[in-house]
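Accompanying notes for the structure given below.
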Amino acid sequence: MKKKYSIFSLAKNALSGHKDWQKMWRSPEPREFYDVIIIGGGGHGLGTAYYLAKEHGLKNIAVIEKGWLGGGNTGRNTTIIRSNYLWDDSAHLYEHSLKLWENLSSELNYNVMFSQRGVMNLAHNEHDIKEIKRRVSANNLNGIDSFWLSKEEIQKKVPIMNTDNLRYPVLGASYQPRGGVARHDAIAWGFAMRADEMGVDIIQNCEAHQIRTKNGTIEGVETSKGFLRANKVGVVASGHTGVLAESAGIRLPLQSKPLQALVSEPIKPIIDTVVMSSAVHAYVSQSDKGELVIGAGTDSYNSFTQRGGFNIIEDTIRAMVELYPVFGKMKMLRQWGGIVDICPDASPIISKCDIDGLFFNCGWGTGGFKATPGSANVFAHTIAKNEPHQINSAFNLDRFASGRLVDEHGAAAVAH
Amino acid sequence: MLIINCPYCGPRDQSEFSNGGEAHVKRPDGSKEIGDREWGEYVFIRANPKGLFYERWVHTHGCRKWFNCVRDTSTDEILVTYKLDEKKPNLNNFKSVVKTPSGEPEVGSGNFTVEK
């Protein structure tokens, strides 16, 4: 049954002490056979199932997840959304996603709390200024809202920022007003609920052990709940995608590393936009609860520990305190790491492969959250039609043989 | 933060070292014959296992020498470090704590130091 959320349903359930809310999705036991199995119950995977059911009429779909929904990188990122990428291919992909974000709460009838509060990328030296201005111009040519802000304009928007008295002074910034943040759990839950309504089986605590293939064709997935046969399998397992690909004999150009973030104690509203800085390596926004959400960098070595090295946080905090001396005495509440899969060109892979019926959506590295609906949308198209959507055709696996990379190391807002 | 045993200087703090990625990667023979795909694999693809991993480190802020290492990427435990001209250790000598390919080890990351 379709679940509707409104001011009336809220009032009605408030009267009964919020005890009668329906479950948002079923928890079925897996069937023996599915048309499509998606491995990975994060935003990208659940979104893929949602669009497969909604736009491509497939009904016999399962999403399998080894933990709980959105417990991986969907629940571990700093929720920043923007589309100000340099190259046309990336700009189209991330802008496609941003446009879906803008309508997602009403499409899902579920509040994903998308808040377009603007995203600022700071310039700290002559080279930054040139690079960022070039990126602003490239964005404008692609029809993406992007502006250059002078130091005075930055000071007006973020008065707490120390622009002058630091080793690398703030000289200007790019600004994308349509960028912002969203609620990370809500995107997973919203997609899960609406996919479930269309008959998608969401199976949690079901770990994929091995992708089985026969004569170059997919057979199914060996899982902790038994073998599930499938016509098609989409792997959207972020840091673990490489491990699963290996089980099917496919080597992907991915390296898995911990990426850390931390939040402070909650405070009154103090910063109403997102500020990112590549040169001094810190980015910050304030959540609706009042916590500062701070993003750090990746470790230099491969690891699956969801923890990360202390020296990485130390660097980030040092930069934060220099940029915002007012935060100097704040306490940090929590720190965590997520395992990101980094591609050599810092762009994703949304592609089929040598095995018929096996598809990969991976390599999002340090910036996949913003792309969640767009990535899911074009990945669903790729799986359903057996060929890429125009938007993701450049993000294939062949580019590592042809050399046609989409080099976005500069637009990954902080250098990792 | 890791303590890394440099084969030349002994145990030092991780901040003195830089990571060099997978070790024992061999440049393919017959560079005129092999195709774009094989070259692409050599240039872009590196092993990325969850579990035992051969990797390289350099003691950047110390003796500045390169050396190899076997580390468990599921716990970050460093099992052995060895010089570049030493034979690579057999991975069967070490116990992998990961039971399923993408499963979590029983002892959490970093906690192996407490456990032992």
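Following the order of the structure tokens, first chain is A, next is B, and so on, with residues numbered from 1 inside each chain and ligands from 1 in the order they appear.
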
Sel. of strand (DSSP E) residues, chain B, as number ranges by chain: B: 3-6, 10-13, 18-22, 52-58, 66-72, 77-82

Same residues, N, CA and C atoms, output as a compact mmCIF listing (two decimals), in the first residue's frame:
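Everything below was put into result_26.txt:
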# COMPACT_ATOMS: atom_id res chain seq x y z
N ILE B 3 52.54 2.06 13.67
CA ILE B 3 53.97 2.04 13.96
C ILE B 3 54.58 1.12 12.90
N ILE B 4 55.49 1.63 12.12
CA ILE B 4 56.04 0.85 11.02
C ILE B 4 57.49 0.52 11.31
N ASN B 5 57.81 -0.75 11.13
CA ASN B 5 59.17 -1.21 11.43
C ASN B 5 60.03 -1.08 10.17
N CYS B 6 60.75 0.03 10.04
CA CYS B 6 61.65 0.21 8.89
C CYS B 6 62.79 -0.80 9.01
N GLY B 10 64.35 0.59 12.21
CA GLY B 10 63.55 0.10 13.33
C GLY B 10 62.19 0.78 13.37
N PRO B 11 61.42 0.50 14.45
CA PRO B 11 60.03 0.99 14.52
C PRO B 11 59.96 2.52 14.63
N ARG B 12 59.17 3.12 13.76
CA ARG B 12 58.99 4.57 13.77
C ARG B 12 57.52 4.89 13.53
N ASP B 13 57.15 6.13 13.83
CA ASP B 13 55.78 6.59 13.64
C ASP B 13 55.43 6.68 12.15
N SER B 18 55.87 7.40 3.67
CA SER B 18 54.87 7.58 2.62
C SER B 18 54.57 6.22 2.02
N ASN B 19 53.30 6.05 1.64
CA ASN B 19 52.89 4.76 1.09
C ASN B 19 53.13 4.73 -0.42
N GLY B 20 53.58 3.60 -0.94
CA GLY B 20 53.87 3.50 -2.36
C GLY B 20 52.99 2.53 -3.12
N GLY B 21 51.88 2.12 -2.53
CA GLY B 21 50.95 1.23 -3.23
C GLY B 21 51.46 -0.20 -3.33
N GLU B 22 50.84 -0.97 -4.23
CA GLU B 22 51.14 -2.40 -4.35
C GLU B 22 52.62 -2.64 -4.66
N LEU B 52 45.29 -9.82 3.28
CA LEU B 52 46.75 -9.71 3.15
C LEU B 52 47.16 -9.02 1.86
N PHE B 53 48.08 -8.08 1.97
CA PHE B 53 48.42 -7.20 0.85
C PHE B 53 49.91 -6.91 0.87
N TYR B 54 50.58 -7.15 -0.28
CA TYR B 54 51.98 -6.74 -0.42
C TYR B 54 52.00 -5.26 -0.79
N GLU B 55 52.72 -4.45 -0.06
CA GLU B 55 52.78 -3.04 -0.43
C GLU B 55 54.16 -2.45 -0.18
N ARG B 56 54.36 -1.25 -0.72
CA ARG B 56 55.65 -0.56 -0.59
C ARG B 56 55.50 0.65 0.31
N TRP B 57 56.54 0.94 1.07
CA TRP B 57 56.59 2.17 1.84
C TRP B 57 57.95 2.81 1.62
N VAL B 58 58.04 4.10 1.84
CA VAL B 58 59.34 4.76 1.81
C VAL B 58 59.49 5.59 3.09
N TRP B 66 63.33 2.81 0.29
CA TRP B 66 62.11 2.08 0.02
C TRP B 66 62.22 0.69 0.62
N PHE B 67 61.08 0.12 1.04
CA PHE B 67 61.06 -1.28 1.48
C PHE B 67 59.66 -1.83 1.25
N ASN B 68 59.50 -3.14 1.40
CA ASN B 68 58.20 -3.79 1.19
C ASN B 68 57.60 -4.23 2.51
N CYS B 69 56.34 -4.60 2.44
CA CYS B 69 55.60 -4.85 3.66
C CYS B 69 54.42 -5.78 3.34
N VAL B 70 54.04 -6.63 4.28
CA VAL B 70 52.76 -7.34 4.17
C VAL B 70 51.86 -6.80 5.28
N ARG B 71 50.71 -6.26 4.88
CA ARG B 71 49.79 -5.68 5.86
C ARG B 71 48.40 -6.29 5.63
N ASP B 72 47.64 -6.45 6.70
CA ASP B 72 46.27 -6.91 6.58
C ASP B 72 45.39 -5.67 6.45
N GLU B 77 46.89 -4.34 10.51
CA GLU B 77 48.04 -4.95 11.19
C GLU B 77 49.17 -5.19 10.20
N ILE B 78 50.37 -4.69 10.57
CA ILE B 78 51.55 -4.92 9.73
C ILE B 78 52.19 -6.23 10.15
N LEU B 79 52.28 -7.19 9.21
CA LEU B 79 52.73 -8.54 9.57
C LEU B 79 54.22 -8.70 9.41
N VAL B 80 54.78 -8.07 8.38
CA VAL B 80 56.23 -8.14 8.21
C VAL B 80 56.69 -7.01 7.30
N THR B 81 57.87 -6.49 7.55
CA THR B 81 58.49 -5.56 6.59
C THR B 81 59.81 -6.18 6.16
N TYR B 82 60.18 -5.97 4.90
CA TYR B 82 61.40 -6.59 4.39
C TYR B 82 62.02 -5.72 3.31

Val98 in chain B environment, 10 Å, only C-alpha atoms, sequence neighbours closer than 2 positions dropped, as a ChimeraX atom specification: /B:50-52,72-75,95-96,100-107

Export N, CA and C atoms of the chosen residues as a PDB file, in the first residue's frame?
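Ended up saving to part37.pdb:
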ATOM      1  N   LYS B  50      40.909  -7.212   0.360  1.00  0.00           N
ATOM      2  CA  LYS B  50      40.572  -7.035   1.780  1.00  0.00           C
ATOM      3  C   LYS B  50      41.255  -8.195   2.480  1.00  0.00           C
ATOM      4  N   GLY B  51      42.299  -7.916   3.215  1.00  0.00           N
ATOM      5  CA  GLY B  51      43.093  -8.974   3.831  1.00  0.00           C
ATOM      6  C   GLY B  51      44.564  -8.729   3.547  1.00  0.00           C
ATOM      7  N   LEU B  52      45.295  -9.818   3.276  1.00  0.00           N
ATOM      8  CA  LEU B  52      46.754  -9.711   3.152  1.00  0.00           C
ATOM      9  C   LEU B  52      47.155  -9.015   1.856  1.00  0.00           C
ATOM     10  N   ASP B  72      47.643  -6.448   6.696  1.00  0.00           N
ATOM     11  CA  ASP B  72      46.269  -6.909   6.577  1.00  0.00           C
ATOM     12  C   ASP B  72      45.385  -5.671   6.452  1.00  0.00           C
ATOM     13  N   THR B  73      44.784  -5.466   5.276  1.00  0.00           N
ATOM     14  CA  THR B  73      44.021  -4.228   5.070  1.00  0.00           C
ATOM     15  C   THR B  73      42.683  -4.243   5.818  1.00  0.00           C
ATOM     16  N   SER B  74      42.303  -5.394   6.390  1.00  0.00           N
ATOM     17  CA  SER B  74      41.046  -5.401   7.135  1.00  0.00           C
ATOM     18  C   SER B  74      41.246  -4.947   8.579  1.00  0.00           C
ATOM     19  N   THR B  75      42.486  -4.986   9.055  1.00  0.00           N
ATOM     20  CA  THR B  75      42.748  -4.557  10.435  1.00  0.00           C
ATOM     21  C   THR B  75      43.872  -3.521  10.513  1.00  0.00           C
ATOM     22  N   LYS B  95      47.967 -15.662   8.866  1.00  0.00           N
ATOM     23  CA  LYS B  95      46.559 -16.048   8.971  1.00  0.00           C
ATOM     24  C   LYS B  95      45.714 -14.852   8.555  1.00  0.00           C
ATOM     25  N   SER B  96      44.840 -15.056   7.568  1.00  0.00           N
ATOM     26  CA  SER B  96      43.923 -13.976   7.208  1.00  0.00           C
ATOM     27  C   SER B  96      42.733 -14.028   8.153  1.00  0.00           C
ATOM     28  N   THR B 100      34.894 -14.125   5.002  1.00  0.00           N
ATOM     29  CA  THR B 100      34.230 -14.037   3.705  1.00  0.00           C
ATOM     30  C   THR B 100      34.844 -12.848   2.976  1.00  0.00           C
ATOM     31  N   PRO B 101      34.759 -12.816   1.631  1.00  0.00           N
ATOM     32  CA  PRO B 101      35.518 -11.788   0.884  1.00  0.00           C
ATOM     33  C   PRO B 101      35.260 -10.361   1.356  1.00  0.00           C
ATOM     34  N   SER B 102      33.998 -10.030   1.653  1.00  0.00           N
ATOM     35  CA  SER B 102      33.757  -8.653   2.076  1.00  0.00           C
ATOM     36  C   SER B 102      33.280  -8.574   3.522  1.00  0.00           C
ATOM     37  N   GLY B 103      33.512  -9.629   4.276  1.00  0.00           N
ATOM     38  CA  GLY B 103      33.082  -9.632   5.683  1.00  0.00           C
ATOM     39  C   GLY B 103      34.033  -8.849   6.567  1.00  0.00           C
ATOM     40  N   GLU B 104      33.593  -8.606   7.785  1.00  0.00           N
ATOM     41  CA  GLU B 104      34.421  -7.862   8.732  1.00  0.00           C
ATOM     42  C   GLU B 104      35.189  -8.850   9.615  1.00  0.00           C
ATOM     43  N   PRO B 105      36.421  -8.501  10.018  1.00  0.00           N
ATOM     44  CA  PRO B 105      37.158  -9.368  10.935  1.00  0.00           C
ATOM     45  C   PRO B 105      36.532  -9.340  12.325  1.00  0.00           C
ATOM     46  N   GLU B 106      36.777 -10.409  13.099  1.00  0.00           N
ATOM     47  CA  GLU B 106      36.176 -10.463  14.433  1.00  0.00           C
ATOM     48  C   GLU B 106      36.728  -9.391  15.353  1.00  0.00           C
ATOM     49  N   VAL B 107      38.020  -9.190  15.263  1.00  0.00           N
ATOM     50  CA  VAL B 107      38.646  -8.148  16.078  1.00  0.00           C
ATOM     51  C   VAL B 107      38.687  -6.876  15.249  1.00  0.00           C
TER      52      VAL B 107
END

At a cut-off of 6 Å, list the chain A residues touching chain B, using only C-alpha atoms, as a PDB file with C-alpha atoms, in the first residue's frame.
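File selection-v3.pdb, as written:
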ATOM      1  CA  PRO A 253      41.090   0.082 -11.413  1.00  0.00           C
ATOM      2  CA  GLN A 255      41.845   1.391  -4.604  1.00  0.00           C
ATOM      3  CA  TYR A 301      47.317   3.622   2.209  1.00  0.00           C
ATOM      4  CA  SER A 303      42.478  -0.063   4.098  1.00  0.00           C
ATOM      5  CA  PHE A 304      39.019  -1.433   4.863  1.00  0.00           C
ATOM      6  CA  THR A 305      38.948  -0.417   8.520  1.00  0.00           C
ATOM      7  CA  GLY A 309      44.460   7.602  10.727  1.00  0.00           C
ATOM      8  CA  PHE A 310      44.530  10.258  13.416  1.00  0.00           C
ATOM      9  CA  PHE A 400      41.458   2.719 -19.053  1.00  0.00           C
ATOM     10  CA  ALA A 401      42.558   1.067 -22.291  1.00  0.00           C
TER      11      ALA A 401
END

All helix (DSSP H, G or I) positions in chain B, as a list of chain:residue names: B:Gln14, B:Ser15, B:Glu16, B:Asp36, B:Arg37, B:Glu38, B:Trp39, B:Gly40, B:Glu41, B:Tyr42, B:Val43, B:Phe44, B:Leu91, B:Asn92, B:Asn93, B:Phe112, B:Thr113, B:Val114, B:Glu115

For CA of Ala186 in chain A and CA of Tyr51 in chain A, the interatomic separation in Å (one decimal): 16.7 Å

Neighbour list for range 279-281 of chain A as a PyMOL selection string, cut-off 12 Å, only C-alpha atoms, skip fewer than 6 positions in-chain: chain A and resi 121-129+132+166-171+173+294-298+312-323+410+412-416
